[in-house]
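First the structure, in the form of structure tokens, and then the observations on it.
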Amino acid sequence: MSTLLLKLKLTPTRRIILSFLGVILVGSILLSLPISQLATSKAHYWDNLFTATSMVCVTGLFTVSVAATYTTFGQIICMLLMQIGGLSLISFIGLIALWGRRKLNFINMATLQEALSVSNTKHFRSFFYSVFTFTFVTEAIGALLLSFRFIPTFGWARGSFTSIFLAISAFCNAGFDNFGSNSLQDYVGDPLVNLTIASLIIMGGLGFAVWFDLRGQIFFKKHRPKIRFHTKVVLALTTIILLSGTILTFLTEYNNPHTIGNLPQFEKILASFFQTVTMRTAGFASIDYSQAQPSTMLLYILQMMLGGAPGGTAGGIKITAFLVLLLYAKSEIAGHPYTNFRHHTIDPLTIRKAFAVSAIFISTFIGGLLLLTLTDPGKPLLSLMFEAMSALATVGVTANLTPDLTQLSQFIIMALMFFGRVGPMSILLSLSSQKDGKEKAIHYSRSSMIV
């Protein structure tokens with residue numbers, strides 16, 4: 001499969017889409033094998049296909065729980081699907097090619113760059129190796145920390161396995177666990193579990209370029225490179241979103257006895273912080289979202305839409321794209337000819353990309369939501385909005401709705417998850433016909449419209 005993808009004369013976007021589709025298909029077949037299914041499992045192929053789609057798209061929604069469906073072998077397949085989904089199959093293919101000292105041509109290198117959202121080709125090979133090293137080391141540290149809680153609880157074998165499963169799921173922002181259908185609700189007040197998983201989610205969602213930039217600040221003291229503007233913006237936005245989200249969740253759910261109302265003060269803060277982190281694209285839950293206040297649900301939908309930083313395992317429109325839109329609107333209202341921020345002028349091409357990505361994302365969300373209201377008209381609109389945004393933003397949190405949806409609605413959810421992971425814009429570009437360069441450059445007479 002890896003050789004075939006590298007030899008096919010396809011655009012980078014189409015290669016990425018085919019790689020995800022291929023892994024989903026193979027994963028659903030492997031999960032359907034008798035060796036992957038518990039004797040008490042009631043899952044059909046449809047459930048396994050939905051699970052494989054959700055795992056490869058690192059979302060977290062499910063129709064059957066992992067713990068009640070899959071054997072240890074099946075759960076190992078689940079971990080592989082989440083790991084491949086988090087870094088993309090193309091990245092693993094590239095790693096194999098580089099390990100074999102195979103020379104990559106321009107189109108193969110472009111595919112790898114697009115898979116990892118890297119624009120600079122300088123030192124790309126070292127960056128590429130560092131992505132995998134950073135991923136596996138971070139997951140190993142996370143699993144080690146989690147083992148201090150789960151080994152005493154479940155024993156060495158199951159405790160170690162559970163720790164590794166959760167570490168991979170958290171860093172890849174997949175949101176799956178092997179506890180059951182309650183996610184992490186039994187650990188709502190556990191600082192070790194909450195903070196470790198939250199840290200893994202944040203590290204996976206910040207983007208690899210940010211972490212490697214920070215690494216240069218820490219380890220290269222003599223020749224310390226200047227921290228990039230992108231890194232500063234991502235860190236500032238992440239801090240603001242996490243802080244404001246924690247405060248708002250704390251206030252809106254403070255007296256709700258079904259979520260955090262009956263918890264001690266520290267656990268209320270911890271739960272509020274954890275929900276804010278997981279809503280940005282992770283999918284874990286330490287409270288029951290079906291019992292949350294409507295205002296909190298709307299807040300979470302907005303947080304899911306924003307997502308994380310580009311170049312990582314997060315979904316959504318990306319926080320940097322949202323900032324660019326706000327800055328552009330501000331400059332237009334003020335009548336400024338350029339979009340400036342902190343002594344930097346935003347490139348017009350970046351503004352156009354932000355608009356395109358946001359427009360396609362919101363249009364896809366509205367279209368998916370409309371279809372869900374038609375296929376499941378009896379379900380509450382707010383719950384359908386929550387589920388649709390959770391799927392499209394590859395978050396995976398649920399208001400306990402997905403298993404109760406019709407099969408047609410579940411197919412729509414799968415399509416939203418796939419769109420959200422691969423990227424609505426990438427899918428549209430891959431389906432568009434290849435036009436002659438001169439035809440693209442045609443400039444017609446100017447026309448004005450009243451807006």
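Chain labels run A, B, ... following the order of the structure tokens; each chain numbers its residues from 1, and ligands are numbered from 1 in the order shown.
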Problem - Exercise: Leu408 of chain A partners within 7 Å, only C-alpha atoms, chain neighbours under 3 positions left out, as an NGL selection string - result: :A and (375 or 411-412)
Problem - Polymer residues at most 8 Å from Asn48 of chain A, only C-alpha atoms, same-chain spacing of 2 or more positions, as a count of residues only - result: 11
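Taking atom CA of Leu200 of chain A and atom CA of Gly22 of chain A as endpoints, the distance between them is 27.4 Å.
Neighbours of Gln83 of chain A closer than or equal to 10 Å, with only C-alpha atoms counted and sequence neighbours fewer than 4 positions away skipped, come out as A:Met55, A:Val56, A:Val58, A:Ile77, A:Cys78, A:Met79, A:Leu87, A:Ser88, A:Leu89, A:Phe92, A:Thr135, A:Phe136, A:Ile168, A:Ser169, A:Phe171, A:Cys172, A:Asn173, A:Ala174.
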Would you kindly return, as a compact mmCIF listing (two decimals) with C-alpha atoms, in the first residue's frame, each protein, DNA or RNA residue with an atom no farther than 10 Å from any atom of Phe266 of chain A, considering only C-alpha atoms and excluding same-chain residues fewer than 6 positions away?
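And here is the file that came out, selection-v2.txt:
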# COMPACT_ATOMS: atom_id res chain seq x y z
CA GLY A 189 -11.70 14.86 40.90
CA PRO A 191 -5.63 15.64 39.64
CA SER A 272 -14.04 23.21 34.42
Problem - Residue contacts of segment 244-260 of chain A (6 Å, only C-alpha atoms) excluding same-chain residues fewer than 3 positions away, as a PyMOL selection string - result: chain A and resi 240-241+263+268+272-273+276+287+291
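The interatomic distance for the pair atom CA of Val137 of chain A and atom CA of Val422 of chain A works out to 25.5 Å.
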Exercise for the section: Mind giving me the straight-line distance from atom CA of Gly207 of chain A to atom CA of Met82 of chain A in Å, one decimal? Expected result: 16.9 Å
